[in-house]
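With PDB, C-alpha atoms and all ligand atoms inside, this is final_9.pdb:
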ATOM      1  CA  MET D   1      19.314  -5.845   5.343  1.00  0.00           C
ATOM      2  CA  ALA D   2      17.374  -8.045   7.746  1.00  0.00           C
ATOM      3  CA  GLN D   3      17.173  -6.378  11.112  1.00  0.00           C
ATOM      4  CA  ASP D   4      15.833  -7.154  14.584  1.00  0.00           C
ATOM      5  CA  ALA D   5      13.694  -5.312  17.128  1.00  0.00           C
ATOM      6  CA  ILE D   6      16.748  -3.562  18.580  1.00  0.00           C
ATOM      7  CA  THR D   7      18.344  -2.343  15.364  1.00  0.00           C
ATOM      8  CA  SER D   8      14.890  -1.352  14.123  1.00  0.00           C
ATOM      9  CA  VAL D   9      14.256   1.122  16.989  1.00  0.00           C
ATOM     10  CA  ILE D  10      17.884   2.294  16.983  1.00  0.00           C
ATOM     11  CA  ASN D  11      17.771   3.018  13.254  1.00  0.00           C
ATOM     12  CA  SER D  12      14.532   4.968  13.486  1.00  0.00           C
ATOM     13  CA  SER D  13      15.845   7.011  16.434  1.00  0.00           C
ATOM     14  CA  ASP D  14      19.145   7.650  14.674  1.00  0.00           C
ATOM     15  CA  VAL D  15      17.361   8.931  11.562  1.00  0.00           C
ATOM     16  CA  GLN D  16      15.840  11.611  13.806  1.00  0.00           C
ATOM     17  CA  GLY D  17      19.123  12.171  15.703  1.00  0.00           C
ATOM     18  CA  LYS D  18      17.381  11.397  18.990  1.00  0.00           C
ATOM     19  CA  TYR D  19      17.742   9.171  22.016  1.00  0.00           C
ATOM     20  CA  LEU D  20      15.119   6.398  22.204  1.00  0.00           C
ATOM     21  CA  ASP D  21      11.724   7.882  23.051  1.00  0.00           C
ATOM     22  CA  SER D  22       9.229   6.215  25.359  1.00  0.00           C
ATOM     23  CA  SER D  23       7.422   4.307  22.610  1.00  0.00           C
ATOM     24  CA  SER D  24      10.758   2.897  21.371  1.00  0.00           C
ATOM     25  CA  LEU D  25      11.660   1.929  24.926  1.00  0.00           C
ATOM     26  CA  ASP D  26       8.271   0.235  25.335  1.00  0.00           C
ATOM     27  CA  LYS D  27       8.967  -1.802  22.208  1.00  0.00           C
ATOM     28  CA  LEU D  28      12.302  -2.906  23.632  1.00  0.00           C
ATOM     29  CA  LYS D  29      10.730  -3.740  26.989  1.00  0.00           C
ATOM     30  CA  ALA D  30       8.209  -5.979  25.255  1.00  0.00           C
ATOM     31  CA  TYR D  31      10.992  -7.550  23.211  1.00  0.00           C
ATOM     32  CA  PHE D  32      13.216  -8.331  26.198  1.00  0.00           C
ATOM     33  CA  GLY D  33      10.215  -9.321  28.318  1.00  0.00           C
ATOM     34  CA  THR D  34       9.298 -12.113  25.904  1.00  0.00           C
ATOM     35  CA  GLY D  35      12.914 -13.101  25.170  1.00  0.00           C
ATOM     36  CA  GLU D  36      13.022 -16.248  27.222  1.00  0.00           C
ATOM     37  CA  LEU D  37       9.625 -17.358  25.948  1.00  0.00           C
ATOM     38  CA  ARG D  38      10.723 -16.951  22.333  1.00  0.00           C
ATOM     39  CA  VAL D  39      14.061 -18.722  22.843  1.00  0.00           C
ATOM     40  CA  ARG D  40      12.344 -21.650  24.564  1.00  0.00           C
ATOM     41  CA  ALA D  41       9.758 -21.854  21.776  1.00  0.00           C
ATOM     42  CA  ALA D  42      12.512 -21.858  19.133  1.00  0.00           C
ATOM     43  CA  GLY D  43      14.096 -24.861  20.861  1.00  0.00           C
ATOM     44  CA  THR D  44      10.816 -26.776  20.943  1.00  0.00           C
ATOM     45  CA  ILE D  45      10.114 -25.989  17.301  1.00  0.00           C
ATOM     46  CA  ALA D  46      13.605 -27.108  16.257  1.00  0.00           C
ATOM     47  CA  ALA D  47      13.178 -30.420  18.078  1.00  0.00           C
ATOM     48  CA  ASN D  48       9.745 -31.057  16.538  1.00  0.00           C
ATOM     49  CA  ALA D  49       9.845 -29.385  13.138  1.00  0.00           C
ATOM     50  CA  SER D  50       9.211 -32.437  10.982  1.00  0.00           C
ATOM     51  CA  THR D  51       6.333 -33.587  13.209  1.00  0.00           C
ATOM     52  CA  ILE D  52       4.782 -30.119  13.110  1.00  0.00           C
ATOM     53  CA  ILE D  53       4.941 -30.059   9.311  1.00  0.00           C
ATOM     54  CA  LYS D  54       3.625 -33.611   8.980  1.00  0.00           C
ATOM     55  CA  GLU D  55       0.641 -32.938  11.244  1.00  0.00           C
ATOM     56  CA  ALA D  56      -0.109 -29.636   9.556  1.00  0.00           C
ATOM     57  CA  VAL D  57      -0.105 -31.321   6.137  1.00  0.00           C
ATOM     58  CA  ALA D  58      -2.420 -34.059   7.452  1.00  0.00           C
ATOM     59  CA  LYS D  59      -4.801 -31.386   8.771  1.00  0.00           C
ATOM     60  CA  SER D  60      -4.841 -29.195   5.688  1.00  0.00           C
ATOM     61  CA  LEU D  61      -3.711 -30.820   2.435  1.00  0.00           C
ATOM     62  CA  LEU D  62      -3.985 -34.609   2.540  1.00  0.00           C
ATOM     63  CA  TYR D  63      -7.004 -35.983   0.653  1.00  0.00           C
ATOM     64  CA  SER D  64      -7.625 -32.575  -0.911  1.00  0.00           C
ATOM     65  CA  ASP D  65      -7.534 -31.749  -4.628  1.00  0.00           C
ATOM     66  CA  VAL D  66      -3.851 -30.763  -4.532  1.00  0.00           C
ATOM     67  CA  THR D  67      -2.734 -34.308  -3.629  1.00  0.00           C
ATOM     68  CA  ARG D  68      -4.934 -36.039  -6.264  1.00  0.00           C
ATOM     69  CA  PRO D  69      -3.765 -36.741  -9.828  1.00  0.00           C
ATOM     70  CA  GLY D  70      -3.544 -33.407 -11.609  1.00  0.00           C
ATOM     71  CA  GLY D  71      -3.018 -31.556  -8.320  1.00  0.00           C
ATOM     72  CA  ASN D  72       0.076 -29.438  -7.804  1.00  0.00           C
ATOM     73  CA  MET D  73       1.345 -31.671  -4.962  1.00  0.00           C
ATOM     74  CA  TYR D  74       0.805 -34.922  -6.877  1.00  0.00           C
ATOM     75  CA  THR D  75       3.986 -36.941  -7.617  1.00  0.00           C
ATOM     76  CA  CYS D  76       6.757 -37.515  -5.099  1.00  0.00           C
ATOM     77  CA  ARG D  77       8.906 -34.710  -6.432  1.00  0.00           C
ATOM     78  CA  ARG D  78       6.223 -32.076  -6.042  1.00  0.00           C
ATOM     79  CA  TYR D  79       5.029 -33.456  -2.700  1.00  0.00           C
ATOM     80  CA  ALA D  80       8.608 -33.183  -1.433  1.00  0.00           C
ATOM     81  CA  ALA D  81       8.931 -29.634  -2.819  1.00  0.00           C
ATOM     82  CA  CYS D  82       5.790 -28.631  -0.931  1.00  0.00           C
ATOM     83  CA  ILE D  83       6.999 -30.127   2.365  1.00  0.00           C
ATOM     84  CA  ARG D  84      10.327 -28.385   1.857  1.00  0.00           C
ATOM     85  CA  ASP D  85       8.566 -25.045   1.277  1.00  0.00           C
ATOM     86  CA  LEU D  86       6.530 -25.476   4.469  1.00  0.00           C
ATOM     87  CA  ASP D  87       9.710 -26.244   6.385  1.00  0.00           C
ATOM     88  CA  TYR D  88      11.216 -23.004   5.019  1.00  0.00           C
ATOM     89  CA  TYR D  89       8.181 -21.101   6.276  1.00  0.00           C
ATOM     90  CA  LEU D  90       8.400 -22.580   9.755  1.00  0.00           C
ATOM     91  CA  ARG D  91      12.170 -22.093   9.979  1.00  0.00           C
ATOM     92  CA  TYR D  92      12.152 -18.498   8.761  1.00  0.00           C
ATOM     93  CA  ALA D  93       9.110 -17.594  10.903  1.00  0.00           C
ATOM     94  CA  THR D  94      11.087 -18.947  13.872  1.00  0.00           C
ATOM     95  CA  TYR D  95      14.072 -16.730  12.971  1.00  0.00           C
ATOM     96  CA  ALA D  96      11.773 -13.707  12.630  1.00  0.00           C
ATOM     97  CA  MET D  97      10.122 -14.508  15.978  1.00  0.00           C
ATOM     98  CA  LEU D  98      13.563 -14.573  17.623  1.00  0.00           C
ATOM     99  CA  ALA D  99      14.532 -11.298  15.944  1.00  0.00           C
ATOM    100  CA  GLY D 100      11.162  -9.726  16.796  1.00  0.00           C
ATOM    101  CA  ASP D 101      11.123  -8.336  13.266  1.00  0.00           C
ATOM    102  CA  PRO D 102       9.726  -9.537   9.915  1.00  0.00           C
ATOM    103  CA  SER D 103      12.391  -8.056   7.627  1.00  0.00           C
ATOM    104  CA  ILE D 104      14.185 -11.389   7.186  1.00  0.00           C
ATOM    105  CA  LEU D 105      10.971 -12.749   5.649  1.00  0.00           C
ATOM    106  CA  ASP D 106      10.832 -10.015   3.019  1.00  0.00           C
ATOM    107  CA  GLU D 107      14.476 -10.473   2.225  1.00  0.00           C
ATOM    108  CA  ARG D 108      14.888 -14.259   2.133  1.00  0.00           C
ATOM    109  CA  VAL D 109      11.430 -15.789   1.690  1.00  0.00           C
ATOM    110  CA  LEU D 110       8.869 -13.515   0.056  1.00  0.00           C
ATOM    111  CA  ASN D 111      11.123 -11.829  -2.477  1.00  0.00           C
ATOM    112  CA  GLY D 112       9.817 -13.079  -5.869  1.00  0.00           C
ATOM    113  CA  LEU D 113       7.905 -15.962  -4.301  1.00  0.00           C
ATOM    114  CA  LYS D 114       4.433 -15.000  -5.508  1.00  0.00           C
ATOM    115  CA  GLU D 115       5.700 -14.799  -9.082  1.00  0.00           C
ATOM    116  CA  THR D 116       7.402 -18.210  -8.760  1.00  0.00           C
ATOM    117  CA  TYR D 117       4.229 -19.790  -7.365  1.00  0.00           C
ATOM    118  CA  ASN D 118       2.088 -18.258 -10.092  1.00  0.00           C
ATOM    119  CA  SER D 119       4.385 -19.423 -12.859  1.00  0.00           C
ATOM    120  CA  LEU D 120       4.476 -23.004 -11.478  1.00  0.00           C
ATOM    121  CA  GLY D 121       0.752 -23.146 -10.730  1.00  0.00           C
ATOM    122  CA  VAL D 122       1.346 -23.622  -6.985  1.00  0.00           C
ATOM    123  CA  PRO D 123      -2.030 -22.809  -5.381  1.00  0.00           C
ATOM    124  CA  VAL D 124      -1.661 -19.943  -2.916  1.00  0.00           C
ATOM    125  CA  GLY D 125      -4.963 -20.695  -1.156  1.00  0.00           C
ATOM    126  CA  SER D 126      -3.894 -24.247  -0.233  1.00  0.00           C
ATOM    127  CA  THR D 127      -0.461 -22.994   0.801  1.00  0.00           C
ATOM    128  CA  VAL D 128      -2.028 -20.438   3.128  1.00  0.00           C
ATOM    129  CA  GLN D 129      -4.268 -23.162   4.600  1.00  0.00           C
ATOM    130  CA  ALA D 130      -1.187 -25.275   5.324  1.00  0.00           C
ATOM    131  CA  ILE D 131       0.588 -22.299   6.929  1.00  0.00           C
ATOM    132  CA  GLN D 132      -2.456 -21.686   9.131  1.00  0.00           C
ATOM    133  CA  ALA D 133      -2.396 -25.367  10.123  1.00  0.00           C
ATOM    134  CA  ILE D 134       1.299 -25.032  11.060  1.00  0.00           C
ATOM    135  CA  LYS D 135       0.283 -22.140  13.293  1.00  0.00           C
ATOM    136  CA  GLU D 136      -2.285 -24.277  15.123  1.00  0.00           C
ATOM    137  CA  VAL D 137      -0.077 -27.346  15.485  1.00  0.00           C
ATOM    138  CA  ALA D 138       2.914 -25.275  16.657  1.00  0.00           C
ATOM    139  CA  ALA D 139       0.798 -23.353  19.183  1.00  0.00           C
ATOM    140  CA  SER D 140      -0.423 -26.620  20.685  1.00  0.00           C
ATOM    141  CA  LEU D 141       3.229 -27.545  21.338  1.00  0.00           C
ATOM    142  CA  ILE D 142       4.769 -24.235  22.405  1.00  0.00           C
ATOM    143  CA  GLY D 143       1.733 -22.776  24.190  1.00  0.00           C
ATOM    144  CA  THR D 144      -0.666 -19.945  23.463  1.00  0.00           C
ATOM    145  CA  ASP D 145       1.638 -16.991  24.197  1.00  0.00           C
ATOM    146  CA  ALA D 146       4.592 -18.231  22.176  1.00  0.00           C
ATOM    147  CA  GLY D 147       2.111 -19.448  19.548  1.00  0.00           C
ATOM    148  CA  ARG D 148       0.848 -15.892  19.180  1.00  0.00           C
ATOM    149  CA  GLU D 149       4.412 -14.572  18.737  1.00  0.00           C
ATOM    150  CA  LEU D 150       5.175 -17.158  16.053  1.00  0.00           C
ATOM    151  CA  GLY D 151       1.749 -16.657  14.485  1.00  0.00           C
ATOM    152  CA  VAL D 152       2.530 -13.010  13.706  1.00  0.00           C
ATOM    153  CA  TYR D 153       5.281 -14.116  11.319  1.00  0.00           C
ATOM    154  CA  LEU D 154       3.413 -17.055   9.783  1.00  0.00           C
ATOM    155  CA  ASP D 155       0.571 -14.612   9.086  1.00  0.00           C
ATOM    156  CA  TYR D 156       3.105 -12.228   7.578  1.00  0.00           C
ATOM    157  CA  ILE D 157       4.144 -14.958   5.120  1.00  0.00           C
ATOM    158  CA  SER D 158       0.490 -15.785   4.363  1.00  0.00           C
ATOM    159  CA  SER D 159      -0.348 -12.167   3.545  1.00  0.00           C
ATOM    160  CA  GLY D 160       2.855 -11.761   1.550  1.00  0.00           C
ATOM    161  CA  LEU D 161       1.771 -14.679  -0.630  1.00  0.00           C
ATOM    162  CA  SER D 162      -1.831 -13.550  -1.080  1.00  0.00           C
TER     163      SER D 162
HETATM  164  C1  LIG D 201      13.862 -20.080   1.462  1.00  0.00           C
HETATM  165  C2  LIG D 201      13.148 -19.397   0.398  1.00  0.00           C
HETATM  166  C3  LIG D 201      12.577 -20.290  -0.691  1.00  0.00           C
HETATM  167  C4  LIG D 201      11.251 -20.555  -0.926  1.00  0.00           C
HETATM  168  C5  LIG D 201      10.093 -20.073  -0.137  1.00  0.00           C
HETATM  169  C6  LIG D 201      11.180 -21.401  -2.093  1.00  0.00           C
HETATM  170  C7  LIG D 201      10.006 -21.840  -2.694  1.00  0.00           C
HETATM  171  C8  LIG D 201       9.868 -22.523  -3.945  1.00  0.00           C
HETATM  172  N1  LIG D 201       8.938 -23.501  -4.156  1.00  0.00           N
HETATM  173  C9  LIG D 201       9.064 -24.004  -5.410  1.00  0.00           C
HETATM  174  C10 LIG D 201       8.330 -25.048  -5.979  1.00  0.00           C
HETATM  175  C11 LIG D 201       7.202 -25.763  -5.462  1.00  0.00           C
HETATM  176  N2  LIG D 201       6.456 -25.455  -4.361  1.00  0.00           N
HETATM  177  C12 LIG D 201       5.428 -26.363  -4.229  1.00  0.00           C
HETATM  178  C13 LIG D 201       4.476 -26.251  -3.123  1.00  0.00           C
HETATM  179  C14 LIG D 201       3.157 -26.627  -3.025  1.00  0.00           C
HETATM  180  N3  LIG D 201       2.351 -27.180  -3.982  1.00  0.00           N
HETATM  181  C15 LIG D 201       1.103 -27.417  -3.488  1.00  0.00           C
HETATM  182  O1  LIG D 201       0.146 -27.858  -4.131  1.00  0.00           O
HETATM  183  C16 LIG D 201       1.026 -27.112  -2.045  1.00  0.00           C
HETATM  184  C17 LIG D 201      -0.222 -26.331  -1.689  1.00  0.00           C
HETATM  185  C18 LIG D 201       2.332 -26.358  -1.802  1.00  0.00           C
HETATM  186  C19 LIG D 201       3.001 -26.704  -0.465  1.00  0.00           C
HETATM  187  C20 LIG D 201       2.284 -26.077   0.683  1.00  0.00           C
HETATM  188  C21 LIG D 201       5.546 -27.305  -5.266  1.00  0.00           C
HETATM  189  C22 LIG D 201       4.674 -28.528  -5.514  1.00  0.00           C
HETATM  190  C23 LIG D 201       6.651 -26.934  -6.053  1.00  0.00           C
HETATM  191  C24 LIG D 201       7.188 -27.612  -7.303  1.00  0.00           C
HETATM  192  C25 LIG D 201       6.340 -27.186  -8.484  1.00  0.00           C
HETATM  193  C26 LIG D 201       6.840 -27.740  -9.774  1.00  0.00           C
HETATM  194  O2  LIG D 201       8.075 -27.785  -9.998  1.00  0.00           O
HETATM  195  O3  LIG D 201       6.006 -28.124 -10.574  1.00  0.00           O
HETATM  196  C27 LIG D 201      10.110 -23.282  -6.079  1.00  0.00           C
HETATM  197  C28 LIG D 201      10.557 -23.520  -7.501  1.00  0.00           C
HETATM  198  C29 LIG D 201      11.919 -24.202  -7.566  1.00  0.00           C
HETATM  199  C30 LIG D 201      11.917 -25.556  -6.893  1.00  0.00           C
HETATM  200  O4  LIG D 201      11.089 -26.432  -7.246  1.00  0.00           O
HETATM  201  O5  LIG D 201      12.724 -25.727  -5.974  1.00  0.00           O
HETATM  202  C31 LIG D 201      10.600 -22.357  -5.174  1.00  0.00           C
HETATM  203  C32 LIG D 201      11.680 -21.321  -5.449  1.00  0.00           C
HETATM  204  N4  LIG D 201      12.461 -21.632  -2.518  1.00  0.00           N
HETATM  205  C33 LIG D 201      13.331 -20.983  -1.694  1.00  0.00           C
HETATM  206  O6  LIG D 201      14.595 -20.992  -1.767  1.00  0.00           O
END

What do you get writing this file as C-alpha cells?
Ligand SMILES: CCC1=C(C)/C(=C/C2=NC(=C\c3[nH]c(/C=C4\NC(=O)[C@H](C)[C@H]4CC)c(C)c3CCC(=O)O)/C(CCC(=O)O)=C2C)NC1=O
Amino acid sequence: MAQDAITSVINSSDVQGKYLDSSSLDKLKAYFGTGELRVRAAGTIAANASTIIKEAVAKSLLYSDVTRPGGNMYTCRRYAACIRDLDYYLRYATYAMLAGDPSILDERVLNGLKETYNSLGVPVGSTVQAIQAIKEVAASLIGTDAGRELGVYLDYISSGLS
C-alpha cells in the first residue's frame, strides 16, 4: 500500500508498540514545515506540466540518436509514448512529493517497468537524461527548495530504472 510521511512514522512506531520518538517527531516537523511549499509547487507543476515536459525533451532528447530513424523515439507513436511516460514520471513524482514518501512510485510506476523497457528496447540512459532535464526545468519554475523536494522523487524513479 502506498503510504505518506505520517502513516510511515505511525506504522513504524506501532510495530514497536511505542509513542512517536523524537526522530519520528522530527520527520513530521519537517513534513509539516514544508507542507505549504509542496502544495504550492504541485499547483505550479499542474498548471505547467506540458511546458515542463516539452522543454525537458528539447534539452535532453531532441536531435539525439533516439529521435533519428532507427531510434526508439522515432515515429509519432513512439514519440507520443515517450512523452506520455515522462508525464507519468512528473505526475507521480508530484504525488510522492505531496505525500513525502516514495512508496507510490514503487507501487504504481516502477513495478515491472525495467523489464518492460528492456523488452521494448527503450533506452534507460536517455530516459534518465530526460528525467534529469525535467528536474532542472521544474526547479526553475517552482524554485530551488521545492525543486529539491521534487528532485528526490525524480531521482528515485531514475535509480529505480537503472
Ligand atoms: C503509470 C505507470 C506506467 C508507466 C511508467 C508506463 C510505461 C510504459 N512505456 C511503454 C512504452 C514506451 N516508452 C517509450 C519511451 C521512450 N523511448 C525513448 O527512446 C525515450 C528515451 C523514452 C521516453 C523518455 C517508448 C518509445 C515506448 C513505446 C515502445 C514501443 O512500443 O516500441 C510501455 C509499453 C506499453 C505502451 O506502449 O503503452 C509502458 C508500460 N506505463 C504505465 O502505465

### Task
Evaluate the PyMOL selection byres (((not hetatm)) within 8 of (chain D and resi 201)) and record the selected residues as a ChimeraX atom specification, following the chain and residue labels used in the document.
/D:57,61,66-67,71-74,77-86,88-89,92,108-110,113,116-117,120-128,130-131

### Task
Please return, as an MDAnalysis selection string, all polymer residues that have at least one atom within 12 Å of the point (10.7, -26.3, 16.7); use all atoms listed in the file and the file's own coordinate frame.
chainID D and resid 38:53 87 89:95 97 134:135 137:142 146:147 150

### Summary
Pairwise distance, CA of Glu115 (chain D) with CA of Ala56 (chain D), equals 24.5 Å

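The protein and nucleic acid residues lying at most 12 Å from region 6-18 of chain D are Met1, Ser23, Ser24, Leu25, Asp26, Lys27, Leu28, Lys29, Ala30, Tyr31, Phe32, Leu98, Ala99, Gly100, Asp101, Pro102 and Ser103 of chain D, with all atoms listed in the file considered and sequence neighbours fewer than 5 positions away removed.
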
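CA of Leu37 (chain D) sits 17.5 Å away from CA of Glu136 (chain D).
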
### Query
Which value, in Å to one decimal, gives the distance between CA of Ser22 (chain D) and CA of Gly35 (chain D)?
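These two atoms are separated by 19.7 Å.
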
### Query
Between D:Thr75, D:Gly70, D:Ala133, D:Asp155, which has the minimum distance to Lys54 (chain D) (counting only C-alpha atoms)?
D:Ala133

## Note on the structure
Judged by only C-alpha atoms, the minimum distance to Gly160 (chain D) among D:Asn111, D:Gln129, D:Ser60, D:Thr34 is found for D:Asn111

#### Entry: Nearest candidate to Ile157 (chain D) (options D:Asn118, D:Gln132, D:Ser64, D:Gln3; using all atoms listed in the file)
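Using all atoms listed in the file, the shortest distance to Ile157 (chain D) belongs to D:Gln132.
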
#### Entry: Among the residues D:Cys76, D:Leu105, D:Leu154, D:Ala96, the one that comes closest to Asp4 (chain D) [using only C-alpha atoms]
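Going through D:Cys76, D:Leu105, D:Leu154, D:Ala96 one by one, the smallest distance to Asp4 (chain D) is for D:Ala96.
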
Should you be able to, write region 129-161 of chain D of this structure into a file that contains N, CA and C atoms, as a compact mmCIF listing (two decimals), in the first residue's frame.
# COMPACT_ATOMS: atom_id res chain seq x y z
N GLN D 129 18.29 10.74 -18.62
CA GLN D 129 18.67 12.10 -19.01
C GLN D 129 17.45 13.01 -19.09
N ALA D 130 16.36 12.50 -19.66
CA ALA D 130 15.14 13.30 -19.79
C ALA D 130 14.55 13.60 -18.41
N ILE D 131 14.61 12.62 -17.51
CA ILE D 131 14.09 12.83 -16.15
C ILE D 131 14.93 13.90 -15.43
N GLN D 132 16.24 13.85 -15.63
CA GLN D 132 17.10 14.87 -15.02
C GLN D 132 16.79 16.25 -15.59
N ALA D 133 16.48 16.30 -16.89
CA ALA D 133 16.11 17.59 -17.50
C ALA D 133 14.79 18.10 -16.94
N ILE D 134 13.85 17.20 -16.67
CA ILE D 134 12.58 17.61 -16.04
C ILE D 134 12.87 18.25 -14.68
N LYS D 135 13.81 17.64 -13.96
CA LYS D 135 14.18 18.16 -12.65
C LYS D 135 14.67 19.61 -12.75
N GLU D 136 15.54 19.86 -13.73
CA GLU D 136 16.08 21.22 -13.90
C GLU D 136 15.00 22.21 -14.32
N VAL D 137 14.21 21.82 -15.31
CA VAL D 137 13.18 22.74 -15.81
C VAL D 137 12.15 23.03 -14.72
N ALA D 138 11.73 21.99 -13.98
CA ALA D 138 10.74 22.18 -12.93
C ALA D 138 11.31 23.08 -11.83
N ALA D 139 12.57 22.85 -11.45
CA ALA D 139 13.17 23.66 -10.38
C ALA D 139 13.21 25.13 -10.77
N SER D 140 13.44 25.41 -12.06
CA SER D 140 13.50 26.80 -12.48
C SER D 140 12.13 27.48 -12.35
N LEU D 141 11.06 26.68 -12.37
CA LEU D 141 9.71 27.24 -12.21
C LEU D 141 9.26 27.31 -10.76
N ILE D 142 9.53 26.26 -9.99
CA ILE D 142 8.98 26.18 -8.63
C ILE D 142 9.97 26.67 -7.58
N GLY D 143 11.21 26.94 -7.99
CA GLY D 143 12.21 27.43 -7.03
C GLY D 143 13.10 26.31 -6.51
N THR D 144 14.23 26.71 -5.95
CA THR D 144 15.25 25.75 -5.54
C THR D 144 14.77 24.79 -4.45
N ASP D 145 14.10 25.33 -3.42
CA ASP D 145 13.71 24.47 -2.29
C ASP D 145 12.68 23.43 -2.70
N ALA D 146 11.64 23.88 -3.39
CA ALA D 146 10.62 22.93 -3.85
C ALA D 146 11.24 22.00 -4.90
N GLY D 147 12.15 22.55 -5.71
CA GLY D 147 12.83 21.75 -6.73
C GLY D 147 13.61 20.61 -6.10
N ARG D 148 14.19 20.86 -4.94
CA ARG D 148 14.93 19.81 -4.24
C ARG D 148 13.98 18.74 -3.73
N GLU D 149 12.82 19.15 -3.20
CA GLU D 149 11.82 18.18 -2.73
C GLU D 149 11.35 17.27 -3.88
N LEU D 150 11.01 17.91 -5.00
CA LEU D 150 10.55 17.13 -6.16
C LEU D 150 11.68 16.24 -6.68
N GLY D 151 12.89 16.81 -6.69
CA GLY D 151 14.05 16.10 -7.23
C GLY D 151 14.32 14.77 -6.54
N VAL D 152 14.02 14.70 -5.24
CA VAL D 152 14.21 13.44 -4.50
C VAL D 152 13.45 12.31 -5.21
N TYR D 153 12.22 12.61 -5.64
CA TYR D 153 11.36 11.56 -6.19
C TYR D 153 11.65 11.30 -7.66
N LEU D 154 12.09 12.32 -8.39
CA LEU D 154 12.52 12.08 -9.78
C LEU D 154 13.80 11.24 -9.77
N ASP D 155 14.69 11.52 -8.81
CA ASP D 155 15.89 10.70 -8.67
C ASP D 155 15.54 9.26 -8.29
N TYR D 156 14.51 9.12 -7.48
CA TYR D 156 14.07 7.79 -7.05
C TYR D 156 13.64 6.98 -8.28
N ILE D 157 12.92 7.64 -9.20
CA ILE D 157 12.50 6.96 -10.43
C ILE D 157 13.73 6.62 -11.27
N SER D 158 14.64 7.59 -11.41
CA SER D 158 15.86 7.34 -12.19
C SER D 158 16.62 6.14 -11.65
N SER D 159 16.82 6.07 -10.32
CA SER D 159 17.59 4.92 -9.81
C SER D 159 16.80 3.63 -9.90
N GLY D 160 15.47 3.71 -9.81
CA GLY D 160 14.66 2.51 -9.96
C GLY D 160 14.72 1.94 -11.36
N LEU D 161 14.99 2.79 -12.34
CA LEU D 161 15.08 2.36 -13.73
C LEU D 161 16.46 1.80 -14.06
